[in-house]
file entry36.txt (compact mmCIF, C-alpha atoms)
# COMPACT_ATOMS: atom_id res chain seq x y z
CA MET V 1 14.13 25.50 -14.08
CA ARG V 2 11.36 25.51 -11.46
CA GLY V 3 10.34 22.55 -9.37
CA VAL V 4 8.89 21.53 -6.00
CA VAL V 5 11.58 20.06 -3.74
CA PHE V 6 11.23 18.44 -0.31
CA ASP V 7 14.51 18.19 1.62
CA GLY V 8 13.16 16.27 4.61
CA LYS V 9 12.25 19.39 6.57
CA ARG V 10 11.23 22.09 4.15
CA LEU V 11 8.99 22.00 1.09
CA GLU V 12 9.56 24.79 -1.40
CA VAL V 13 9.33 25.87 -5.01
CA VAL V 14 12.87 26.36 -6.34
CA ASP V 15 14.09 27.88 -9.59
CA ASP V 16 17.61 26.42 -9.80
CA LEU V 17 16.76 22.82 -10.61
CA GLU V 18 18.49 21.01 -13.47
CA VAL V 19 17.71 17.69 -15.13
CA ARG V 20 20.03 15.58 -17.25
CA GLU V 21 19.48 14.70 -20.91
CA PRO V 22 17.65 11.46 -21.71
CA GLY V 23 19.78 8.36 -22.10
CA PRO V 24 19.02 5.24 -24.17
CA GLY V 25 15.42 4.17 -23.71
CA GLU V 26 14.44 7.44 -22.00
CA VAL V 27 12.28 10.44 -22.81
CA GLN V 28 12.55 14.06 -21.67
CA VAL V 29 9.17 15.74 -21.21
CA ALA V 30 8.31 19.40 -20.73
CA ILE V 31 5.60 19.22 -18.06
CA SER V 32 2.51 21.33 -18.77
CA ALA V 33 0.29 20.19 -15.91
CA ALA V 34 0.56 17.95 -12.85
CA GLY V 35 -2.10 16.85 -10.38
CA LEU V 36 -1.46 17.22 -6.66
CA CYS V 37 -2.17 13.80 -5.17
CA HIS V 38 -2.27 12.91 -1.48
CA SER V 39 0.61 10.51 -2.13
CA ASP V 40 2.83 13.54 -2.69
CA LEU V 41 1.75 14.95 0.66
CA SER V 42 2.29 11.54 2.26
CA VAL V 43 5.99 11.85 1.47
CA VAL V 44 6.05 15.16 3.33
CA ASP V 45 4.25 13.86 6.44
CA GLY V 46 6.23 10.60 6.49
CA THR V 47 3.39 8.23 5.67
CA ILE V 48 5.33 7.17 2.56
CA PRO V 49 9.04 6.87 3.44
CA PHE V 50 11.23 8.26 0.64
CA PRO V 51 14.84 9.45 0.43
CA VAL V 52 15.46 13.20 0.25
CA PRO V 53 15.98 15.68 -1.25
CA VAL V 54 13.32 14.76 -3.78
CA VAL V 55 11.35 16.47 -6.54
CA LEU V 56 7.71 15.60 -5.87
CA GLY V 57 4.86 14.94 -8.32
CA HIS V 58 3.82 11.79 -10.11
CA GLU V 59 0.64 12.66 -12.04
CA GLY V 60 1.64 14.69 -15.07
CA ALA V 61 1.26 15.37 -18.77
CA GLY V 62 3.28 17.40 -21.21
CA VAL V 63 5.13 17.53 -24.51
CA VAL V 64 8.08 15.38 -25.55
CA GLU V 65 11.22 17.54 -25.76
CA ALA V 66 13.86 14.90 -26.51
CA VAL V 67 14.17 11.13 -26.86
CA GLY V 68 17.09 8.84 -26.18
CA ALA V 69 18.50 6.16 -28.43
CA GLY V 70 16.11 3.34 -29.26
CA VAL V 71 12.89 5.24 -28.50
CA THR V 72 10.49 4.99 -31.42
CA HIS V 73 6.93 5.06 -30.03
CA VAL V 74 7.02 8.80 -29.26
CA VAL V 75 8.74 11.69 -31.05
CA VAL V 76 9.54 15.29 -30.20
CA GLY V 77 6.32 17.31 -30.08
CA ASP V 78 4.05 14.43 -29.06
CA HIS V 79 1.66 15.02 -26.18
CA VAL V 80 2.07 12.38 -23.50
CA ALA V 81 0.57 11.36 -20.17
CA LEU V 82 3.10 9.91 -17.74
CA SER V 83 2.81 6.78 -15.65
CA THR V 84 4.84 6.03 -12.54
CA LEU V 85 5.75 2.51 -13.69
CA ALA V 86 9.38 2.35 -14.74
CA ASN V 87 8.95 -1.36 -15.33
CA CYS V 88 11.62 -3.30 -17.18
CA GLY V 89 9.32 -5.02 -19.69
CA THR V 90 11.35 -8.23 -19.67
CA CYS V 91 10.91 -9.91 -16.28
CA ALA V 92 8.41 -12.67 -15.56
CA GLU V 93 5.86 -10.28 -14.04
CA CYS V 94 6.01 -7.89 -16.99
CA ASP V 95 5.72 -10.84 -19.35
CA ARG V 96 2.56 -11.94 -17.52
CA GLY V 97 1.03 -8.51 -18.06
CA ARG V 98 1.62 -7.42 -14.45
CA PRO V 99 3.94 -4.41 -14.78
CA THR V 100 2.85 -3.09 -11.38
CA MET V 101 4.63 -6.09 -9.84
CA CYS V 102 7.94 -5.58 -11.71
CA ARG V 103 10.73 -6.00 -9.16
CA GLN V 104 12.98 -3.72 -11.18
CA ALA V 105 10.55 -0.82 -10.78
CA ILE V 106 10.09 -0.70 -7.01
CA GLY V 107 12.47 0.68 -4.42
CA ARG V 108 15.16 1.91 -6.81
CA PRO V 109 14.77 5.70 -7.01
CA GLY V 110 16.99 7.51 -9.48
CA GLN V 111 18.64 10.93 -9.16
CA PRO V 112 18.30 12.67 -12.54
CA PHE V 113 18.08 16.14 -10.99
CA VAL V 114 20.71 18.50 -9.59
CA GLN V 115 20.10 21.52 -7.38
CA GLY V 116 22.87 23.69 -6.03
CA GLY V 117 25.47 21.05 -6.80
CA ARG V 118 23.64 18.22 -5.00
CA ARG V 119 21.86 15.34 -6.65
CA VAL V 120 18.12 15.17 -6.09
CA TYR V 121 15.90 12.09 -6.12
CA GLN V 122 12.99 11.46 -8.45
CA PHE V 123 9.67 10.59 -6.82
CA ALA V 124 7.82 7.57 -8.20
CA SER V 125 10.16 7.48 -11.23
CA ASN V 126 8.32 10.58 -12.39
CA SER V 127 8.71 13.94 -10.54
CA ALA V 128 6.04 15.82 -12.45
CA PHE V 129 6.39 18.92 -10.22
CA ALA V 130 9.20 20.20 -12.41
CA GLU V 131 9.28 22.08 -15.67
CA ARG V 132 11.07 19.13 -17.28
CA THR V 133 11.62 15.55 -16.25
CA VAL V 134 13.24 12.42 -17.68
CA VAL V 135 11.38 9.11 -17.60
CA LYS V 136 11.76 5.65 -19.05
CA ALA V 137 10.20 5.38 -22.49
CA VAL V 138 7.61 2.92 -21.23
CA GLN V 139 6.25 5.64 -18.91
CA ALA V 140 5.43 8.10 -21.70
CA VAL V 141 2.12 7.28 -23.35
CA ARG V 142 1.11 9.28 -26.42
CA ILE V 143 -2.32 10.89 -26.22
CA PRO V 144 -4.38 12.81 -28.79
CA GLN V 145 -3.49 16.49 -28.89
CA ASP V 146 -7.13 17.55 -28.51
CA ILE V 147 -7.18 16.34 -24.89
CA PRO V 148 -6.45 19.29 -22.55
CA LEU V 149 -3.21 18.59 -20.71
CA PRO V 150 -4.56 19.52 -17.22
CA ALA V 151 -7.19 16.81 -17.69
CA ALA V 152 -4.78 14.36 -19.28
CA ALA V 153 -2.41 14.71 -16.34
CA LEU V 154 -4.93 13.04 -14.05
CA ILE V 155 -5.01 9.85 -16.10
CA GLY V 156 -1.51 8.95 -14.94
CA CYS V 157 -2.40 8.30 -11.30
CA GLY V 158 -5.93 9.03 -10.10
CA VAL V 159 -7.68 7.51 -13.10
CA LEU V 160 -5.30 4.58 -13.53
CA THR V 161 -5.61 3.76 -9.83
CA GLY V 162 -9.35 4.24 -9.32
CA VAL V 163 -10.82 3.09 -12.62
CA GLY V 164 -8.14 0.41 -12.90
CA ALA V 165 -8.99 -0.99 -9.47
CA VAL V 166 -12.56 -1.49 -10.66
CA LEU V 167 -11.89 -2.88 -14.13
CA ASN V 168 -8.59 -4.72 -13.64
CA ARG V 169 -8.43 -5.81 -9.99
CA ALA V 170 -12.01 -6.19 -8.78
CA ARG V 171 -13.42 -6.87 -12.24
CA VAL V 172 -16.78 -5.37 -11.34
CA ASP V 173 -19.53 -6.81 -13.54
CA ARG V 174 -22.88 -5.58 -14.80
CA GLY V 175 -25.49 -5.49 -12.06
CA ASP V 176 -22.98 -5.63 -9.18
CA SER V 177 -23.26 -3.47 -6.09
CA VAL V 178 -20.32 -1.25 -5.17
CA LEU V 179 -19.49 0.60 -1.95
CA VAL V 180 -16.94 3.43 -2.17
CA ILE V 181 -15.59 4.82 1.10
CA GLY V 182 -14.02 8.22 0.48
CA THR V 183 -14.84 10.42 -2.51
CA GLY V 184 -11.58 12.26 -3.10
CA GLY V 185 -9.70 11.96 -6.39
CA ILE V 186 -9.30 8.18 -6.15
CA GLY V 187 -12.81 7.56 -4.87
CA LEU V 188 -14.41 9.56 -7.68
CA ASN V 189 -12.52 7.47 -10.20
CA VAL V 190 -13.65 4.27 -8.50
CA ILE V 191 -17.21 5.59 -8.78
CA GLN V 192 -16.93 6.32 -12.48
CA GLY V 193 -15.13 3.04 -13.05
CA ALA V 194 -18.07 1.24 -11.46
CA ARG V 195 -20.46 3.22 -13.66
CA ILE V 196 -18.49 2.31 -16.79
CA ALA V 197 -18.46 -1.36 -15.69
CA GLY V 198 -22.27 -1.36 -15.39
CA ALA V 199 -22.69 -1.60 -11.61
CA LEU V 200 -26.34 -1.32 -10.60
CA ARG V 201 -25.92 0.32 -7.20
CA ILE V 202 -22.95 2.55 -6.39
CA VAL V 203 -23.04 3.74 -2.79
CA ALA V 204 -20.61 6.57 -2.00
CA VAL V 205 -19.71 7.36 1.62
CA ASP V 206 -17.93 10.54 2.70
CA ALA V 207 -18.10 12.48 5.96
CA ASN V 208 -18.33 15.73 4.00
CA PRO V 209 -21.92 16.22 2.74
CA ALA V 210 -20.71 18.88 0.28
CA LYS V 211 -19.22 16.09 -1.82
CA GLU V 212 -22.59 14.54 -2.70
CA ALA V 213 -23.19 16.51 -5.89
CA VAL V 214 -19.88 15.60 -7.50
CA ALA V 215 -20.15 11.97 -6.36
CA ARG V 216 -23.52 11.69 -8.07
CA GLN V 217 -22.13 13.47 -11.15
CA PHE V 218 -19.50 10.74 -11.46
CA GLY V 219 -22.04 7.96 -11.10
CA ALA V 220 -22.99 7.37 -7.46
CA THR V 221 -26.58 6.19 -7.13
CA HIS V 222 -26.60 6.85 -3.37
CA PHE V 223 -24.61 9.11 -1.06
CA LEU V 224 -24.15 8.70 2.70
CA THR V 225 -22.11 10.53 5.32
CA SER V 226 -21.63 7.37 7.40
CA THR V 227 -21.34 3.65 6.72
CA LYS V 228 -23.99 3.02 9.39
CA GLU V 229 -26.76 3.39 6.78
CA VAL V 230 -25.23 1.20 4.08
CA LYS V 231 -27.28 -1.85 5.07
CA GLU V 232 -30.49 0.14 4.49
CA ILE V 233 -29.53 0.35 0.81
CA LEU V 234 -27.66 -2.96 0.51
CA PRO V 235 -29.34 -5.26 3.07
CA HIS V 236 -27.03 -8.17 2.29
CA GLY V 237 -23.93 -6.06 1.84
CA ALA V 238 -21.87 -5.02 -1.17
CA ASP V 239 -20.36 -7.17 -3.87
CA HIS V 240 -17.34 -4.85 -3.88
CA ALA V 241 -16.16 -2.37 -1.24
CA PHE V 242 -13.33 0.08 -1.99
CA GLU V 243 -11.53 1.83 0.88
CA CYS V 244 -10.08 5.04 -0.56
CA VAL V 245 -9.07 6.93 2.58
CA GLY V 246 -6.32 4.91 4.24
CA ARG V 247 -7.72 4.47 7.76
CA VAL V 248 -7.68 1.06 9.41
CA GLU V 249 -11.11 1.50 10.99
CA LEU V 250 -12.57 2.17 7.53
CA ILE V 251 -10.80 -0.90 6.16
CA ARG V 252 -12.58 -2.92 8.84
CA GLN V 253 -15.91 -1.35 7.89
CA ALA V 254 -15.35 -2.15 4.22
CA ILE V 255 -14.78 -5.80 5.10
CA ASP V 256 -17.74 -5.97 7.48
CA LEU V 257 -20.08 -4.53 4.83
CA LEU V 258 -19.38 -7.21 2.21
CA ASP V 259 -22.00 -9.61 0.94
CA ARG V 260 -21.20 -13.29 0.53
CA HIS V 261 -18.45 -13.72 -2.03
CA GLY V 262 -17.77 -9.99 -1.73
CA GLN V 263 -14.34 -8.44 -1.99
CA ALA V 264 -12.79 -5.45 -0.25
CA VAL V 265 -10.20 -3.55 -2.29
CA LEU V 266 -7.70 -1.44 -0.36
CA LEU V 267 -6.67 1.76 -2.14
CA GLY V 268 -6.08 4.26 0.69
CA VAL V 269 -2.56 4.44 2.12
CA PRO V 270 -2.26 4.31 5.93
CA ALA V 271 1.09 4.52 7.70
CA ALA V 272 3.58 1.87 6.56
CA THR V 273 3.40 0.12 9.94
CA ALA V 274 -0.40 0.24 10.28
CA GLU V 275 -2.23 -2.98 11.04
CA ALA V 276 -5.92 -3.73 10.43
CA SER V 277 -8.12 -6.42 11.97
CA PHE V 278 -11.11 -8.41 10.77
CA LEU V 279 -13.23 -11.36 11.82
CA VAL V 280 -11.60 -14.44 10.37
CA SER V 281 -14.90 -16.31 10.54
CA SER V 282 -16.46 -13.88 8.07
CA MET V 283 -13.95 -14.91 5.41
CA TYR V 284 -15.47 -18.39 5.17
CA LEU V 285 -18.34 -16.89 3.20
CA ASP V 286 -15.93 -16.64 0.26
CA LYS V 287 -15.04 -13.04 1.00
CA SER V 288 -11.72 -11.59 -0.13
CA ILE V 289 -9.43 -8.73 0.87
CA LEU V 290 -7.46 -7.44 -2.10
CA GLY V 291 -4.50 -5.15 -2.16
CA CYS V 292 -4.15 -3.10 -5.32
CA ARG V 293 -1.08 -1.29 -6.61
CA TYR V 294 -1.70 1.43 -9.17
CA GLY V 295 -4.98 -0.05 -10.34
CA SER V 296 -3.24 -3.26 -11.49
CA SER V 297 -2.75 -1.24 -14.64
CA ARG V 298 -0.89 -1.70 -17.89
CA PRO V 299 -0.31 1.99 -18.66
CA GLN V 300 0.49 1.79 -22.37
CA ARG V 301 -2.83 0.01 -22.87
CA ASP V 302 -4.94 1.65 -20.16
CA ILE V 303 -3.98 5.30 -20.64
CA ALA V 304 -4.83 5.02 -24.34
CA LEU V 305 -8.13 3.33 -23.45
CA TYR V 306 -9.08 6.00 -20.93
CA ALA V 307 -8.19 8.75 -23.39
CA ASP V 308 -10.61 7.18 -25.87
CA LEU V 309 -13.33 6.86 -23.22
CA TYR V 310 -12.85 10.55 -22.41
CA ARG V 311 -13.21 11.55 -26.04
CA GLU V 312 -16.44 9.51 -26.22
CA GLY V 313 -17.82 11.31 -23.16
CA ARG V 314 -17.86 8.19 -21.00
CA LEU V 315 -14.93 9.08 -18.73
CA LEU V 316 -14.98 12.39 -16.87
CA LEU V 317 -11.65 14.22 -16.66
CA ASP V 318 -12.39 17.95 -16.88
CA GLU V 319 -14.81 17.57 -13.98
CA LEU V 320 -11.99 16.17 -11.81
CA VAL V 321 -9.98 19.37 -12.15
CA THR V 322 -11.44 21.51 -9.38
CA GLU V 323 -8.85 24.26 -9.68
CA THR V 324 -5.56 24.97 -11.45
CA TYR V 325 -2.64 26.76 -9.80
CA PRO V 326 0.58 28.16 -11.22
CA VAL V 327 3.41 26.21 -9.62
CA GLU V 328 4.35 29.32 -7.60
CA ASP V 329 1.04 28.88 -5.72
CA PHE V 330 1.95 25.39 -4.55
CA GLU V 331 1.32 26.23 -0.89
CA LYS V 332 -2.25 27.25 -1.67
CA ALA V 333 -2.78 24.08 -3.71
CA LYS V 334 -1.40 22.02 -0.82
CA ALA V 335 -3.66 23.74 1.71
CA ASP V 336 -6.74 23.22 -0.46
CA ALA V 337 -5.91 19.53 -0.91
CA GLU V 338 -5.33 18.98 2.81
CA ALA V 339 -8.62 20.72 3.64
CA GLY V 340 -10.55 18.60 1.14
CA ARG V 341 -11.65 21.65 -0.84
CA VAL V 342 -10.73 20.12 -4.20
CA ALA V 343 -11.23 16.78 -5.91
CA ARG V 344 -7.95 17.43 -7.69
CA GLY V 345 -5.86 20.55 -7.82
CA VAL V 346 -3.59 20.80 -10.85
CA LEU V 347 -0.29 22.69 -10.98
CA THR V 348 0.56 24.34 -14.28
CA PHE V 349 3.91 25.35 -15.74
call {"tool": "encode", "arguments": {"input": "entry36.txt", "output": "structure tokens"}}
result
Amino acid sequence: MRGVVFDGKRLEVVDDLEVREPGPGEVQVAISAAGLCHSDLSVVDGTIPFPVPVVLGHEGAGVVEAVGAGVTHVVVGDHVALSTLANCGTCAECDRGRPTMCRQAIGRPGQPFVQGGRRVYQFASNSAFAERTVVKAVQAVRIPQDIPLPAAALIGCGVLTGVGAVLNRARVDRGDSVLVIGTGGIGLNVIQGARIAGALRIVAVDANPAKEAVARQFGATHFLTSTKEVKEILPHGADHAFECVGRVELIRQAIDLLDRHGQAVLLGVPAATAEASFLVSSMYLDKSILGCRYGSSRPQRDIALYADLYREGRLLLDELVTETYPVEDFEKAKADAEAGRVARGVLTF
């Protein structure tokens, strides 16, 4: 079968990939569509360290092909969106409703694939850039079959991360002011999450002025190409500032632009060794800096919720899909993503 493999030096679409059958508590999914996220590219450039060779992709949707023993919540033929959380479901963090903090789900990559006689790692417990993948049952969330799979694919990362950061981590409330730095796939979902939450002012900042129209479509009330003008719109600062780029200087700006009792939520991914600075004295105005993993989500609950919001017209998914590419055109999809020409490019199988 076809898949996108990174061996540490070369990134290519191969056609000799194999995946094992699902074991107990696992599901095999035929991938129909998978979003190309910057996290995938961060593995290639070294920003996210990961063992190789690895099948990339972590934002996918498809059709259940087979289920292992004990799996009852999905059956063959179901349409599913995939999460990256291979959480155990039984530890203290899972029991508290914090599956993103499950210690069994982080730093333990599996190798369900084989290529040319060598075992190949699975990225983010998912590897959606393959015609078929095997995931833990908890990662497969059934969705209505009337949701187009290219749109549904984006729920599993971009939507869970961006909308989840707003609703689950920051808990934005009606009337709040929100600053969003960076309007790529994650930033757009933060914007629409803030709109859904009832934020009064949603200020989007992106150096690319061509992104204004789509930012406003998703719910931005203001659009700027620099943070220098934020105080003209929010004289006292923002109640919530989301950094969605992954640059330490923008993290500092997000913190500096907070109002009293404001909180900065960090969603962009800088290099693993990057350090950011801030004025400690500013924190004594009850400000907070919040990390956020995967939108602090509970995928079995949240994916179903976001699917319902999409069907009601409140959550935009189709509008996120800027362009679709057959998997053979991966290099073009990668180039478009790196150049910022797409909100989300989606690979199709």
call {"tool": "residues_near_point", "arguments": {"input": "entry36.txt", "point": "(10.8, 17.0, -19.6)", "cutoff": "7 Å", "atoms": "all atoms listed in the file", "output": "list in words"}}
result
Gln28, Val29, Ala30, Ile31, Val64, Glu65, Glu131, Arg132, Thr133 and Val134 of chain V
call {"tool": "closest_residue", "arguments": {"input": "entry36.txt", "among": "V:Val265, V:Ala170, V:Ala128, V:Ala238", "to": "Leu36 in chain V", "atoms": "all atoms listed in the file"}}
result
V:Ala128
call {"tool": "residues_around", "arguments": {"input": "entry36.txt", "residues": "range 176-192 of chain V", "least_positions_apart": "5", "cutoff": "6 Å", "atoms": "all atoms listed in the file", "output": "compact mmCIF listing (two decimals) with C-alpha atoms, keeping the file's coordinate frame"}}
result
# COMPACT_ATOMS: atom_id res chain seq x y z
CA GLY V 158 -5.93 9.03 -10.10
CA VAL V 159 -7.68 7.51 -13.10
CA GLY V 162 -9.35 4.24 -9.32
CA VAL V 163 -10.82 3.09 -12.62
CA ALA V 199 -22.69 -1.60 -11.61
CA LEU V 200 -26.34 -1.32 -10.60
CA ARG V 201 -25.92 0.32 -7.20
CA ILE V 202 -22.95 2.55 -6.39
CA VAL V 203 -23.04 3.74 -2.79
CA ALA V 204 -20.61 6.57 -2.00
CA VAL V 205 -19.71 7.36 1.62
CA ASP V 206 -17.93 10.54 2.70
CA PHE V 218 -19.50 10.74 -11.46
CA GLY V 219 -22.04 7.96 -11.10
CA ALA V 238 -21.87 -5.02 -1.17
CA ASP V 239 -20.36 -7.17 -3.87
CA HIS V 240 -17.34 -4.85 -3.88
CA ALA V 241 -16.16 -2.37 -1.24
CA PHE V 242 -13.33 0.08 -1.99
CA GLU V 243 -11.53 1.83 0.88
CA CYS V 244 -10.08 5.04 -0.56
CA VAL V 245 -9.07 6.93 2.58
CA ALA V 343 -11.23 16.78 -5.91
CA ARG V 344 -7.95 17.43 -7.69
call {"tool": "closest_residue", "arguments": {"input": "entry36.txt", "among": "V:Cys94, V:Leu305, V:Leu224, V:Ala137", "to": "Leu82 in chain V", "atoms": "all atoms listed in the file"}}
result
V:Ala137
call {"tool": "closest_residue", "arguments": {"input": "entry36.txt", "among": "V:Leu317, V:Cys88, V:Val214, V:Ala207", "to": "Val346 in chain V", "atoms": "all atoms listed in the file"}}
result
V:Leu317
call {"tool": "atom_distance", "arguments": {"input": "entry36.txt", "atom1": "CA of Lys211 in chain V", "atom2": "CA of Val230 in chain V"}}
result
17.1 Å
call {"tool": "closest_residue", "arguments": {"input": "entry36.txt", "among": "V:Cys37, V:Met283, V:Leu149, V:Ala92", "to": "Ile255 in chain V", "atoms": "all atoms listed in the file"}}
result
V:Met283
call {"tool": "residues_near_point", "arguments": {"input": "entry36.txt", "point": "(-1.3, 18.1, -10.1)", "cutoff": "7 Å", "atoms": "all atoms listed in the file", "output": "list in words"}}
result
Ala33, Ala34, Gly35, Leu36, Cys37, Glu59, Gly60, Gly345, Val346 and Leu347 of chain V
call {"tool": "closest_atom_pairs", "arguments": {"input": "entry36.txt", "of": "range 207-291 of chain V", "to": "range 41-55 of chain V", "cutoff": "8 Å", "atoms": "all atoms listed in the file", "output": "Markdown table"}}
result
| residue | atom | partner | partner_atom | distance |
| --- | --- | --- | --- | --- |
| V:Val269 | CA | V:Thr47 | CA | 7.9 |
| V:Pro270 | CA | V:Thr47 | CA | 6.9 |
| V:Ala271 | CA | V:Thr47 | CA | 4.8 |
| V:Ala272 | CA | V:Thr47 | CA | 6.4 |
call {"tool": "atom_distance", "arguments": {"input": "entry36.txt", "atom1": "CA of Leu258 in chain V", "atom2": "CA of Asn168 in chain V"}}
result
19.3 Å
call {"tool": "residues_around", "arguments": {"input": "entry36.txt", "residues": "Asp256 in chain V", "least_positions_apart": "2", "cutoff": "12 Å", "atoms": "all atoms listed in the file", "output": "JSON, numbers by chain"}}
result
{"V": [179, 227, 228, 230, 231, 236, 237, 238, 239, 240, 241, 243, 249, 250, 251, 252, 253, 254, 258, 259, 260, 262, 263, 264, 277, 278, 279, 280, 281, 282, 283, 285, 287, 288, 289]}
call {"tool": "write_last_selection", "arguments": {"input": "entry36.txt", "atoms": "C-alpha atoms", "output": "PDB file, in the coordinates of the input"}}
result
ATOM      1  CA  LEU V 179     -19.490   0.600  -1.950  1.00  0.00           C
ATOM      2  CA  THR V 227     -21.340   3.650   6.720  1.00  0.00           C
ATOM      3  CA  LYS V 228     -23.990   3.020   9.390  1.00  0.00           C
ATOM      4  CA  VAL V 230     -25.230   1.200   4.080  1.00  0.00           C
ATOM      5  CA  LYS V 231     -27.280  -1.850   5.070  1.00  0.00           C
ATOM      6  CA  HIS V 236     -27.030  -8.170   2.290  1.00  0.00           C
ATOM      7  CA  GLY V 237     -23.930  -6.060   1.840  1.00  0.00           C
ATOM      8  CA  ALA V 238     -21.870  -5.020  -1.170  1.00  0.00           C
ATOM      9  CA  ASP V 239     -20.360  -7.170  -3.870  1.00  0.00           C
ATOM     10  CA  HIS V 240     -17.340  -4.850  -3.880  1.00  0.00           C
ATOM     11  CA  ALA V 241     -16.160  -2.370  -1.240  1.00  0.00           C
ATOM     12  CA  GLU V 243     -11.530   1.830   0.880  1.00  0.00           C
ATOM     13  CA  GLU V 249     -11.110   1.500  10.990  1.00  0.00           C
ATOM     14  CA  LEU V 250     -12.570   2.170   7.530  1.00  0.00           C
ATOM     15  CA  ILE V 251     -10.800  -0.900   6.160  1.00  0.00           C
ATOM     16  CA  ARG V 252     -12.580  -2.920   8.840  1.00  0.00           C
ATOM     17  CA  GLN V 253     -15.910  -1.350   7.890  1.00  0.00           C
ATOM     18  CA  ALA V 254     -15.350  -2.150   4.220  1.00  0.00           C
ATOM     19  CA  LEU V 258     -19.380  -7.210   2.210  1.00  0.00           C
ATOM     20  CA  ASP V 259     -22.000  -9.610   0.940  1.00  0.00           C
ATOM     21  CA  ARG V 260     -21.200 -13.290   0.530  1.00  0.00           C
ATOM     22  CA  GLY V 262     -17.770  -9.990  -1.730  1.00  0.00           C
ATOM     23  CA  GLN V 263     -14.340  -8.440  -1.990  1.00  0.00           C
ATOM     24  CA  ALA V 264     -12.790  -5.450  -0.250  1.00  0.00           C
ATOM     25  CA  SER V 277      -8.120  -6.420  11.970  1.00  0.00           C
ATOM     26  CA  PHE V 278     -11.110  -8.410  10.770  1.00  0.00           C
ATOM     27  CA  LEU V 279     -13.230 -11.360  11.820  1.00  0.00           C
ATOM     28  CA  VAL V 280     -11.600 -14.440  10.370  1.00  0.00           C
ATOM     29  CA  SER V 281     -14.900 -16.310  10.540  1.00  0.00           C
ATOM     30  CA  SER V 282     -16.460 -13.880   8.070  1.00  0.00           C
ATOM     31  CA  MET V 283     -13.950 -14.910   5.410  1.00  0.00           C
ATOM     32  CA  LEU V 285     -18.340 -16.890   3.200  1.00  0.00           C
ATOM     33  CA  LYS V 287     -15.040 -13.040   1.000  1.00  0.00           C
ATOM     34  CA  SER V 288     -11.720 -11.590  -0.130  1.00  0.00           C
ATOM     35  CA  ILE V 289      -9.430  -8.730   0.870  1.00  0.00           C
TER      36      ILE V 289
END
call {"tool": "residues_around", "arguments": {"input": "entry36.txt", "residues": "Gly295 in chain V", "least_positions_apart": "6", "cutoff": "9 Å", "atoms": "all atoms listed in the file", "output": "list in words"}}
result
Thr100, Cys157, Val159, Leu160, Thr161, Gly162, Val163, Gly164, Ala165, Val166, Leu167, Asn168, Arg169 and Leu267 of chain V
call {"tool": "closest_residue", "arguments": {"input": "entry36.txt", "among": "V:Val138, V:Arg298, V:Val114, V:Tyr121", "to": "Arg96 in chain V", "atoms": "all atoms listed in the file"}}
result
V:Arg298
call {"tool": "build_atoms", "arguments": {"input": "entry36.txt", "residues": "range 17-28 of chain V", "atoms": "N, CA and C atoms", "output": "PDB file, in the frame of the given file"}}
result
ATOM      1  N   LEU V  17      16.725  24.271 -10.403  1.00  0.00           N
ATOM      2  CA  LEU V  17      16.760  22.820 -10.610  1.00  0.00           C
ATOM      3  C   LEU V  17      17.248  22.519 -12.029  1.00  0.00           C
ATOM      4  N   GLU V  18      18.025  21.465 -12.158  1.00  0.00           N
ATOM      5  CA  GLU V  18      18.490  21.010 -13.470  1.00  0.00           C
ATOM      6  C   GLU V  18      18.172  19.531 -13.614  1.00  0.00           C
ATOM      7  N   VAL V  19      17.944  19.100 -14.856  1.00  0.00           N
ATOM      8  CA  VAL V  19      17.710  17.690 -15.130  1.00  0.00           C
ATOM      9  C   VAL V  19      18.609  17.271 -16.283  1.00  0.00           C
ATOM     10  N   ARG V  20      19.113  16.052 -16.209  1.00  0.00           N
ATOM     11  CA  ARG V  20      20.030  15.580 -17.250  1.00  0.00           C
ATOM     12  C   ARG V  20      19.281  15.265 -18.539  1.00  0.00           C
ATOM     13  N   GLU V  21      20.040  15.089 -19.609  1.00  0.00           N
ATOM     14  CA  GLU V  21      19.480  14.700 -20.910  1.00  0.00           C
ATOM     15  C   GLU V  21      19.036  13.241 -20.864  1.00  0.00           C
ATOM     16  N   PRO V  22      18.087  12.858 -21.707  1.00  0.00           N
ATOM     17  CA  PRO V  22      17.650  11.460 -21.710  1.00  0.00           C
ATOM     18  C   PRO V  22      18.723  10.530 -22.256  1.00  0.00           C
ATOM     19  N   GLY V  23      18.869   9.382 -21.621  1.00  0.00           N
ATOM     20  CA  GLY V  23      19.780   8.360 -22.100  1.00  0.00           C
ATOM     21  C   GLY V  23      19.041   7.365 -22.977  1.00  0.00           C
ATOM     22  N   PRO V  24      19.692   6.270 -23.358  1.00  0.00           N
ATOM     23  CA  PRO V  24      19.020   5.240 -24.170  1.00  0.00           C
ATOM     24  C   PRO V  24      17.753   4.746 -23.485  1.00  0.00           C
ATOM     25  N   GLY V  25      16.674   4.660 -24.257  1.00  0.00           N
ATOM     26  CA  GLY V  25      15.420   4.170 -23.710  1.00  0.00           C
ATOM     27  C   GLY V  25      14.719   5.136 -22.779  1.00  0.00           C
ATOM     28  N   GLU V  26      15.063   6.436 -22.867  1.00  0.00           N
ATOM     29  CA  GLU V  26      14.440   7.440 -22.000  1.00  0.00           C
ATOM     30  C   GLU V  26      13.842   8.570 -22.827  1.00  0.00           C
ATOM     31  N   VAL V  27      12.969   9.330 -22.162  1.00  0.00           N
ATOM     32  CA  VAL V  27      12.280  10.440 -22.810  1.00  0.00           C
ATOM     33  C   VAL V  27      12.327  11.650 -21.878  1.00  0.00           C
ATOM     34  N   GLN V  28      12.645  12.819 -22.434  1.00  0.00           N
ATOM     35  CA  GLN V  28      12.550  14.060 -21.670  1.00  0.00           C
ATOM     36  C   GLN V  28      11.239  14.751 -22.040  1.00  0.00           C
TER      37      GLN V  28
END
